[in-house]
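Written below as structure tokens is the structure these notes are about.
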Amino acid sequence: MSDTFEHQWTRRDFLKGMGSAAVGTTLASCSISGDRSAKGLTEEALAIKQVVRPEDLEKPDLTVGYVPVNDCAPFAIAWKKGFFRKYGLNVKLNREASWATSRDGIIFGRTDAAPVVSGAVTNARIGAEGARHAPLCAAMTIHRHGNAMTMNRKMWDAGIRPWRDYNGDLEAFGRDFRNYFENQPSEQRVWAVVLSSAIYEYFVRYLAAAAGIDPLKEFRVIIIPPPQMVSNVRIGAMQAYMVAEPWNSRAISPLGKGKEGIGFTFAQGKEIWLGHPDRLLGVMESFINENPKTYRSLVKAMIEACQYCSKPENRAEVAQLISERSFTGAKPKFTRPAIIGEYNYGGFDGKERIDRSLDTTIFFDIPDNIPKQPNEHSTFPWRSRSIWLMTQAARWGQIKEFPKNAEELATQGWRADLYREIAAEMGIASPQEDYKVESPEVFIDKKGFDPSDPVGYLNSFAIRANAPQRFFLS
């Protein structure tokens with residue numbers, strides 16, 4: 001395939017390609033115009049009994065960011081149900097335009113806390129290309145899963161089908177994927193993600209490489225804010241994207257009378273790595289050090305909100321709540337699938353592809369089909385996963401080499417130590433270890449991850465940046 005491709009894309013090309021995202025910015029600007037942040041306090045929040053007095057906290061008035069995707073659910077619940085207020089916090093929610101602004105709002109002090117894409121904390125610590133270098137911390141995992149890869153109608157017409165239809169055959173998918181891209185000009189080889197140097201970019205590259213295709217050479221990855229994904233696929237600015245719900249469901253659903261969806265879901269993120277962390281609660285290290293009591297209240301409120309979202313009897317309510325204009329602004333039929341667990345992959349052959357599963361989005365309780373450790377729940381921030389993210393930053397050339405002080409960086413960034421203490425105060429037991437082995441069966445290529453040998457794991461991939469070149473003599 002690369003023989004027919006005019007350009008060998010480098011990281012520099014990738015960063016240049018990010019500029020093309022501006023094409024879609026004006027097209028979907030109406031999606032994020034004006035201040036639509038949730039304001040005031042609900043009657044339910046005002047009625048809740050406070051267990052922490054605001055005057056006992058260093059900083060009871062907080063500004064907390066959120067992004068208009070399904071994983072704003074715990075933030076919406078903590079605000080609306082009064083969990084913030086219960087723990088002495090007066091929180092102003094601030095709607096963020098993108099995952100970059102959500103991250104940068106924390107780093108530059110515009111917000112006190114906000115969700116960040118998995119990878120943002122680790123890459124801020126290691127100074128990966130495309131990431132801001134800062135002492136960012138992950139207080140907890142907001143949720144696992146809840147994201148997917150969407151492909152356009154042309155990819156379907158070329159023969160590509162949802163991953164579930166391949167029955168685990170990476171070679172067959174690779175052939176279909178290659179056949180599609182070989183027939184596209186360079187400007188039509190574009191895949192969008194929400195942030196550079198983050199887990200979605202890694203998943204896109206991981207998938208391609210697992211199918212035998214070098215993602216650094218065969219297509220570009222650009223950055224597009226979530227609400228603008230559908231519009232940009234519709235106008236042909238990119239062919240595929242990876243984003244959190246509801247923006248995948250929005251693409252596969254009918255656009256109106258007599259119209260079809262613009263694409264289909266190729267795979268949920270859980271099919272790339274079952275059990276992966278999606279969003280983290282990001283705060284600066286200085287916030288933890290200067291406001292230890294406030295930090296504990298914030299984490300407790302968010303844990304309780306995640307527990308609420310996790311209960312099956314609450315999920316329909318949660319899906320309805322986040323459809324409000326202040327949150328996603330999407331209709332409940334788009335927010336429901338990933339929250340309820342009735343996910344529709346779509347397609348253009350009239351077949352029903354509904355995945356009914358409790359693990360579509362995991363907010364707290366981990367379903368039995370996912371390997372887990374004793375006392376593990378989804379909000380626990382495994383430091384070993386920070387190590388995995390570092391291997392991917394090194395694999396794709398975002399850092400020159402795997403960090404020699406990786407364990408120290410994971411300890412500084414992923415605050416499993418404080419989380420364990422805070423959860424214990426709530427009567428919640430947590431794993432006693434900070435690192436765990438990820439078994440082969442949870443990854444799409446059946447390659448397990450042992451955090452005790454990250455360099456060996458990294459070097460086991462044939463497709464990677466700076467991989468040794470093989471020469472054959474005639």
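So you can find residues: chains in the structure tokens are A, B, ... in the order shown, residues in each start at 1, and ligands are numbered from 1 in order.
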Considering only C-alpha atoms, give me a table of residues in segment 102-135 of chain A that are at most 8 Å from segment 283-301 of chain A, with the closest atom pair and distance in Å for each, as JSON lines.
```
{"residue": "A:Ile106", "atom": "CA", "partner": "A:Val283", "partner_atom": "CA", "distance": 6.3}
{"residue": "A:Ile107", "atom": "CA", "partner": "A:Met284", "partner_atom": "CA", "distance": 6.7}
{"residue": "A:Asp112", "atom": "CA", "partner": "A:Val283", "partner_atom": "CA", "distance": 6.5}
{"residue": "A:Ala113", "atom": "CA", "partner": "A:Val283", "partner_atom": "CA", "distance": 4.9}
{"residue": "A:Ala114", "atom": "CA", "partner": "A:Val283", "partner_atom": "CA", "distance": 7.0}
{"residue": "A:Pro135", "atom": "CA", "partner": "A:Glu285", "partner_atom": "CA", "distance": 5.8}
```
Per residue of segment 71-149 of chain A within 6 Å of segment 231-243 of chain A, what are the shortest atom pair and its distance in Å to one decimal, counting only C-alpha atoms, with rows by chain and residue number, as a Markdown table?
```
| residue | atom | partner | partner_atom | distance |
| --- | --- | --- | --- | --- |
| A:Asn147 | CA | A:Val243 | CA | 5.6 |
| A:Ala148 | CA | A:Met242 | CA | 5.6 |
| A:Met149 | CA | A:Met242 | CA | 4.3 |
```
Check the DSSP output for the backbone and give back, as a ChimeraX atom specification, the residues of segment 302-437 of chain A in helix (DSSP H, G or I).
/A:302-310,312-321,332-341,383-395,406-413,416-425
### Shell around Ala330 of chain A at 9 Å using only C-alpha atoms, local window under 4 positions removed, as a count of residues only
11
Next on the checklist: Excluding Tyr435 of chain A and its own-chain neighbours fewer than 3 positions away, which residues fall within 8 Å of it when counting only C-alpha atoms? Please give them as number ranges by chain.
Outcome noted: A: 382-385, 451
Next on the checklist: Would you pick out the contacts of Gln50 of chain A at 7 Å or less, using only C-alpha atoms, so that residues sharing its chain but fewer than 2 positions from it are not included, and give the list as a list in words?
Outcome noted: Ile48, Val52, Arg53, Arg85, Lys86, Tyr87 and Gly88 of chain A
Mind writing the picked residues with N, CA and C atoms as a JSON list (two decimals), in the first residue's frame?
```
[["chain", "number", "residue", "atom", "x", "y", "z"],
["A", 48, "ILE", "N", -30.26, 18.42, 49.99],
["A", 48, "ILE", "CA", -29.40, 17.37, 50.50],
["A", 48, "ILE", "C", -28.71, 17.80, 51.80],
["A", 52, "VAL", "N", -20.08, 17.68, 55.08],
["A", 52, "VAL", "CA", -18.88, 18.49, 55.25],
["A", 52, "VAL", "C", -19.30, 19.95, 55.19],
["A", 53, "ARG", "N", -18.83, 20.75, 56.12],
["A", 53, "ARG", "CA", -19.16, 22.18, 56.12],
["A", 53, "ARG", "C", -18.23, 22.92, 55.16],
["A", 85, "ARG", "N", -22.49, 19.40, 46.74],
["A", 85, "ARG", "CA", -22.92, 20.17, 47.92],
["A", 85, "ARG", "C", -22.83, 19.32, 49.18],
["A", 86, "LYS", "N", -23.14, 18.04, 49.07],
["A", 86, "LYS", "CA", -23.07, 17.13, 50.22],
["A", 86, "LYS", "C", -21.71, 17.18, 50.88],
["A", 87, "TYR", "N", -20.68, 17.31, 50.07],
["A", 87, "TYR", "CA", -19.31, 17.31, 50.60],
["A", 87, "TYR", "C", -18.74, 18.72, 50.73],
["A", 88, "GLY", "N", -19.62, 19.70, 50.87],
["A", 88, "GLY", "CA", -19.19, 21.05, 51.20],
["A", 88, "GLY", "C", -18.74, 21.90, 50.04]]
```
Using only C-alpha atoms, the best pick from A:Phe364, A:Trp388, A:Trp396, A:Trp99 as closest to Pro215 of chain A would be A:Trp396
Would you list the contacts of Gly159 of chain A as a PDB file with N, CA, C and O atoms, in the first residue's frame, taking every protein, DNA or RNA residue within 9 Å and counting only C-alpha atoms, but skipping same-chain residues closer than 4 positions in sequence?
```pdb
ATOM      1  N   LYS A 154     -18.608   5.258   2.431  1.00  0.00           N
ATOM      2  CA  LYS A 154     -17.725   4.765   1.383  1.00  0.00           C
ATOM      3  C   LYS A 154     -16.884   3.585   1.870  1.00  0.00           C
ATOM      4  O   LYS A 154     -16.574   2.668   1.085  1.00  0.00           O
ATOM      5  N   MET A 155     -16.500   3.606   3.143  1.00  0.00           N
ATOM      6  CA  MET A 155     -15.722   2.495   3.683  1.00  0.00           C
ATOM      7  C   MET A 155     -16.587   1.237   3.745  1.00  0.00           C
ATOM      8  O   MET A 155     -16.109   0.129   3.493  1.00  0.00           O
ATOM      9  N   ASP A 176      -9.372  -5.707   3.774  1.00  0.00           N
ATOM     10  CA  ASP A 176     -10.447  -4.771   3.426  1.00  0.00           C
ATOM     11  C   ASP A 176     -10.022  -3.325   3.663  1.00  0.00           C
ATOM     12  O   ASP A 176     -10.324  -2.431   2.860  1.00  0.00           O
ATOM     13  N   PHE A 177      -9.331  -3.110   4.762  1.00  0.00           N
ATOM     14  CA  PHE A 177      -8.864  -1.765   5.119  1.00  0.00           C
ATOM     15  C   PHE A 177      -7.877  -1.266   4.061  1.00  0.00           C
ATOM     16  O   PHE A 177      -7.965  -0.135   3.567  1.00  0.00           O
ATOM     17  N   ASN A 179      -7.503  -2.356   0.942  1.00  0.00           N
ATOM     18  CA  ASN A 179      -8.159  -2.189  -0.352  1.00  0.00           C
ATOM     19  C   ASN A 179      -8.868  -0.844  -0.457  1.00  0.00           C
ATOM     20  O   ASN A 179      -8.879  -0.210  -1.513  1.00  0.00           O
ATOM     21  N   TYR A 180      -9.464  -0.418   0.657  1.00  0.00           N
ATOM     22  CA  TYR A 180     -10.144   0.881   0.636  1.00  0.00           C
ATOM     23  C   TYR A 180      -9.143   2.019   0.472  1.00  0.00           C
ATOM     24  O   TYR A 180      -9.267   2.864  -0.423  1.00  0.00           O
TER      25      TYR A 180
END
```
Self-check item: Spatial neighbours of Asn369 of chain A, max dist 12 Å, only C-alpha atoms, sep filter under 5 positions, as a list in words
Solution: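 Non-adjacent residues within range: Lys270, Leu274, Gly275, Ser357, Leu358, Asp359, Thr360, Glu441 and Val442 of chain A.
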Dump of all heavy atoms for the selected residues, as a PDB file, in the first residue's frame:
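Output below, filename selection-v1.pdb:
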```pdb
ATOM      1  N   LYS A 270     -13.825  -0.864  23.582  1.00  0.00           N
ATOM      2  CA  LYS A 270     -13.646  -2.064  24.399  1.00  0.00           C
ATOM      3  C   LYS A 270     -13.204  -3.253  23.558  1.00  0.00           C
ATOM      4  O   LYS A 270     -12.682  -4.232  24.097  1.00  0.00           O
ATOM      5  CB  LYS A 270     -14.935  -2.394  25.147  1.00  0.00           C
ATOM      6  CG  LYS A 270     -16.088  -2.850  24.254  1.00  0.00           C
ATOM      7  CD  LYS A 270     -17.307  -3.224  25.081  1.00  0.00           C
ATOM      8  CE  LYS A 270     -18.426  -3.805  24.206  1.00  0.00           C
ATOM      9  NZ  LYS A 270     -19.583  -4.237  25.019  1.00  0.00           N
ATOM     10  N   LEU A 274     -10.344  -4.414  26.143  1.00  0.00           N
ATOM     11  CA  LEU A 274     -11.464  -4.622  27.056  1.00  0.00           C
ATOM     12  C   LEU A 274     -11.084  -4.183  28.464  1.00  0.00           C
ATOM     13  O   LEU A 274     -10.113  -4.676  29.033  1.00  0.00           O
ATOM     14  CB  LEU A 274     -11.863  -6.101  27.063  1.00  0.00           C
ATOM     15  CG  LEU A 274     -13.079  -6.478  27.910  1.00  0.00           C
ATOM     16  CD1 LEU A 274     -14.356  -5.855  27.356  1.00  0.00           C
ATOM     17  CD2 LEU A 274     -13.230  -7.997  27.993  1.00  0.00           C
ATOM     18  N   GLY A 275     -11.837  -3.221  29.002  1.00  0.00           N
ATOM     19  CA  GLY A 275     -11.572  -2.730  30.355  1.00  0.00           C
ATOM     20  C   GLY A 275     -10.743  -1.468  30.406  1.00  0.00           C
ATOM     21  O   GLY A 275     -10.387  -1.009  31.498  1.00  0.00           O
ATOM     22  N   SER A 357     -25.206  -5.056  26.412  1.00  0.00           N
ATOM     23  CA  SER A 357     -24.144  -5.411  27.347  1.00  0.00           C
ATOM     24  C   SER A 357     -24.042  -4.384  28.467  1.00  0.00           C
ATOM     25  O   SER A 357     -24.221  -3.183  28.248  1.00  0.00           O
ATOM     26  CB  SER A 357     -22.804  -5.489  26.604  1.00  0.00           C
ATOM     27  OG  SER A 357     -21.736  -5.702  27.487  1.00  0.00           O
ATOM     28  N   LEU A 358     -23.724  -4.872  29.654  1.00  0.00           N
ATOM     29  CA  LEU A 358     -23.548  -3.987  30.809  1.00  0.00           C
ATOM     30  C   LEU A 358     -22.212  -3.258  30.770  1.00  0.00           C
ATOM     31  O   LEU A 358     -21.983  -2.343  31.560  1.00  0.00           O
ATOM     32  CB  LEU A 358     -23.650  -4.801  32.110  1.00  0.00           C
ATOM     33  CG  LEU A 358     -25.021  -5.384  32.444  1.00  0.00           C
ATOM     34  CD1 LEU A 358     -24.927  -6.265  33.697  1.00  0.00           C
ATOM     35  CD2 LEU A 358     -26.048  -4.276  32.657  1.00  0.00           C
ATOM     36  N   ASP A 359     -21.320  -3.670  29.866  1.00  0.00           N
ATOM     37  CA  ASP A 359     -19.997  -3.049  29.846  1.00  0.00           C
ATOM     38  C   ASP A 359     -19.843  -1.983  28.762  1.00  0.00           C
ATOM     39  O   ASP A 359     -18.741  -1.554  28.469  1.00  0.00           O
ATOM     40  CB  ASP A 359     -18.904  -4.108  29.695  1.00  0.00           C
ATOM     41  CG  ASP A 359     -18.897  -4.783  28.321  1.00  0.00           C
ATOM     42  OD1 ASP A 359     -19.671  -4.377  27.440  1.00  0.00           O
ATOM     43  OD2 ASP A 359     -18.108  -5.734  28.142  1.00  0.00           O
ATOM     44  N   THR A 360     -20.959  -1.534  28.170  1.00  0.00           N
ATOM     45  CA  THR A 360     -20.858  -0.514  27.129  1.00  0.00           C
ATOM     46  C   THR A 360     -20.198   0.747  27.684  1.00  0.00           C
ATOM     47  O   THR A 360     -19.298   1.310  27.065  1.00  0.00           O
ATOM     48  CB  THR A 360     -22.244  -0.185  26.550  1.00  0.00           C
ATOM     49  OG1 THR A 360     -22.879  -1.404  26.159  1.00  0.00           O
ATOM     50  CG2 THR A 360     -22.121   0.718  25.329  1.00  0.00           C
ATOM     51  N   GLU A 441      -6.109 -11.802  26.405  1.00  0.00           N
ATOM     52  CA  GLU A 441      -7.453 -11.859  25.820  1.00  0.00           C
ATOM     53  C   GLU A 441      -8.181 -10.526  25.820  1.00  0.00           C
ATOM     54  O   GLU A 441      -9.201 -10.377  25.132  1.00  0.00           O
ATOM     55  CB  GLU A 441      -8.314 -12.906  26.545  1.00  0.00           C
ATOM     56  CG  GLU A 441      -8.639 -12.586  27.990  1.00  0.00           C
ATOM     57  CD  GLU A 441      -7.682 -13.228  28.979  1.00  0.00           C
ATOM     58  OE1 GLU A 441      -6.544 -13.546  28.573  1.00  0.00           O
ATOM     59  OE2 GLU A 441      -8.077 -13.411  30.146  1.00  0.00           O
ATOM     60  N   VAL A 442      -7.678  -9.520  26.546  1.00  0.00           N
ATOM     61  CA  VAL A 442      -8.395  -8.240  26.576  1.00  0.00           C
ATOM     62  C   VAL A 442      -8.000  -7.317  25.419  1.00  0.00           C
ATOM     63  O   VAL A 442      -8.662  -6.312  25.190  1.00  0.00           O
ATOM     64  CB  VAL A 442      -8.207  -7.502  27.922  1.00  0.00           C
ATOM     65  CG1 VAL A 442      -8.675  -8.365  29.083  1.00  0.00           C
ATOM     66  CG2 VAL A 442      -6.765  -7.050  28.126  1.00  0.00           C
TER      67      VAL A 442
END
```
DSSP on the backbone: which residues in segment 122-273 of chain A end up as strand (DSSP E)? Give the answer as an mmCIF file with N, CA and C atoms, in the first residue's frame.
```cif
data_model
loop_
_atom_site.group_PDB
_atom_site.id
_atom_site.type_symbol
_atom_site.label_atom_id
_atom_site.label_comp_id
_atom_site.auth_asym_id
_atom_site.auth_seq_id
_atom_site.Cartn_x
_atom_site.Cartn_y
_atom_site.Cartn_z
ATOM 1 N N LEU A 136 0.328 17.556 35.855
ATOM 2 C CA LEU A 136 -1.074 17.172 35.896
ATOM 3 C C LEU A 136 -1.215 15.850 36.644
ATOM 4 N N CYS A 137 -2.341 15.666 37.335
ATOM 5 C CA CYS A 137 -2.590 14.448 38.099
ATOM 6 C C CYS A 137 -3.954 13.852 37.752
ATOM 7 N N ALA A 138 -4.037 12.545 37.856
ATOM 8 C CA ALA A 138 -5.312 11.837 37.716
ATOM 9 C C ALA A 138 -5.792 11.447 39.108
ATOM 10 N N ALA A 139 -6.914 12.016 39.525
ATOM 11 C CA ALA A 139 -7.459 11.712 40.845
ATOM 12 C C ALA A 139 -8.172 10.368 40.857
ATOM 13 N N MET A 140 -8.796 10.012 39.727
ATOM 14 C CA MET A 140 -9.579 8.784 39.618
ATOM 15 C C MET A 140 -9.941 8.587 38.148
ATOM 16 N N THR A 141 -10.442 7.410 37.848
ATOM 17 C CA THR A 141 -10.999 7.154 36.525
ATOM 18 C C THR A 141 -12.479 7.518 36.566
ATOM 19 N N ILE A 142 -12.931 8.314 35.613
ATOM 20 C CA ILE A 142 -14.339 8.702 35.560
ATOM 21 C C ILE A 142 -15.181 7.548 35.035
ATOM 22 N N HIS A 143 -14.720 6.936 33.961
ATOM 23 C CA HIS A 143 -15.420 5.756 33.453
ATOM 24 C C HIS A 143 -14.514 4.996 32.508
ATOM 25 N N ARG A 144 -14.882 3.763 32.239
ATOM 26 C CA ARG A 144 -14.215 2.950 31.226
ATOM 27 C C ARG A 144 -15.184 2.741 30.063
ATOM 28 N N HIS A 145 -14.605 2.512 28.894
ATOM 29 C CA HIS A 145 -15.386 2.294 27.668
ATOM 30 C C HIS A 145 -16.216 3.534 27.322
ATOM 31 N N ASN A 147 -16.865 4.656 24.172
ATOM 32 C CA ASN A 147 -16.371 5.316 22.976
ATOM 33 C C ASN A 147 -16.384 4.336 21.822
ATOM 34 N N ALA A 148 -16.184 4.827 20.608
ATOM 35 C CA ALA A 148 -16.214 3.934 19.446
ATOM 36 C C ALA A 148 -15.546 4.583 18.247
ATOM 37 N N MET A 149 -15.283 3.755 17.237
ATOM 38 C CA MET A 149 -14.730 4.193 15.966
ATOM 39 C C MET A 149 -15.838 4.200 14.925
ATOM 40 N N THR A 150 -16.044 5.331 14.300
ATOM 41 C CA THR A 150 -17.039 5.462 13.240
ATOM 42 C C THR A 150 -16.345 5.545 11.892
ATOM 43 N N MET A 151 -16.863 4.824 10.903
ATOM 44 C CA MET A 151 -16.359 4.885 9.530
ATOM 45 C C MET A 151 -17.472 5.353 8.602
ATOM 46 N N ASN A 152 -17.098 5.969 7.480
ATOM 47 C CA ASN A 152 -18.104 6.558 6.604
ATOM 48 C C ASN A 152 -18.742 5.532 5.663
ATOM 49 N N VAL A 190 -7.791 10.179 5.921
ATOM 50 C CA VAL A 190 -7.788 10.985 7.150
ATOM 51 C C VAL A 190 -8.669 10.338 8.215
ATOM 52 N N TRP A 191 -8.113 10.207 9.408
ATOM 53 C CA TRP A 191 -8.849 9.682 10.549
ATOM 54 C C TRP A 191 -8.762 10.742 11.648
ATOM 55 N N ALA A 192 -9.882 11.070 12.261
ATOM 56 C CA ALA A 192 -9.903 12.123 13.282
ATOM 57 C C ALA A 192 -10.024 11.530 14.679
ATOM 58 N N VAL A 193 -9.386 12.180 15.623
ATOM 59 C CA VAL A 193 -9.507 11.861 17.043
ATOM 60 C C VAL A 193 -9.706 13.176 17.793
ATOM 61 N N ARG A 220 -3.407 9.950 7.644
ATOM 62 C CA ARG A 220 -3.178 11.034 8.600
ATOM 63 C C ARG A 220 -4.166 10.942 9.741
ATOM 64 N N VAL A 221 -3.763 11.436 10.902
ATOM 65 C CA VAL A 221 -4.648 11.586 12.049
ATOM 66 C C VAL A 221 -4.746 13.074 12.353
ATOM 67 N N ILE A 222 -5.967 13.596 12.418
ATOM 68 C CA ILE A 222 -6.177 15.009 12.716
ATOM 69 C C ILE A 222 -7.028 15.146 13.981
ATOM 70 N N ILE A 223 -7.108 16.356 14.487
ATOM 71 C CA ILE A 223 -7.818 16.620 15.736
ATOM 72 C C ILE A 223 -9.092 17.407 15.442
ATOM 73 N N ALA A 240 -13.053 8.693 8.818
ATOM 74 C CA ALA A 240 -13.353 7.938 10.039
ATOM 75 C C ALA A 240 -12.957 8.776 11.245
ATOM 76 N N TYR A 241 -13.490 8.418 12.390
ATOM 77 C CA TYR A 241 -13.108 9.106 13.616
ATOM 78 C C TYR A 241 -13.329 8.201 14.820
ATOM 79 N N MET A 242 -12.675 8.579 15.925
ATOM 80 C CA MET A 242 -12.913 7.913 17.198
ATOM 81 C C MET A 242 -13.257 8.979 18.222
ATOM 82 N N VAL A 243 -14.358 8.755 18.945
ATOM 83 C CA VAL A 243 -14.873 9.759 19.865
ATOM 84 C C VAL A 243 -15.742 9.062 20.897
ATOM 85 N N ALA A 244 -16.073 9.773 21.955
ATOM 86 C CA ALA A 244 -16.996 9.235 22.952
ATOM 87 C C ALA A 244 -18.432 9.418 22.469
ATOM 88 N N GLY A 263 -22.581 7.001 8.418
ATOM 89 C CA GLY A 263 -21.571 5.984 8.613
ATOM 90 C C GLY A 263 -22.049 4.870 9.532
ATOM 91 N N PHE A 264 -21.095 4.065 10.007
ATOM 92 C CA PHE A 264 -21.405 2.954 10.889
ATOM 93 C C PHE A 264 -20.296 2.834 11.924
ATOM 94 N N THR A 265 -20.584 2.163 13.010
ATOM 95 C CA THR A 265 -19.562 1.925 14.022
ATOM 96 C C THR A 265 -18.730 0.721 13.618
ATOM 97 N N PHE A 266 -17.429 0.923 13.462
ATOM 98 C CA PHE A 266 -16.546 -0.210 13.171
ATOM 99 C C PHE A 266 -16.314 -1.023 14.442
ATOM 100 N N ALA A 267 -15.979 -0.343 15.528
ATOM 101 C CA ALA A 267 -15.718 -1.053 16.785
ATOM 102 C C ALA A 267 -15.892 -0.109 17.951
ATOM 103 N N GLN A 268 -16.345 -0.641 19.057
ATOM 104 C CA GLN A 268 -16.269 0.093 20.310
ATOM 105 C C GLN A 268 -14.835 -0.020 20.828
#
```
Problem - Closest of A:Ala172, A:Val121, A:Ile126, A:Val230 to Gly261 of chain A - atom-to-atom distances counting only C-alpha atoms - result: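 Using only C-alpha atoms, the shortest distance to Gly261 of chain A belongs to A:Val230.
Relative to atom CA of Gln432 of chain A, atom CA of Asn375 of chain A is found at 8.6 Å.
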What separates atom CA of Leu93 of chain A and atom CA of Tyr66 of chain A is a distance of 7.1 Å
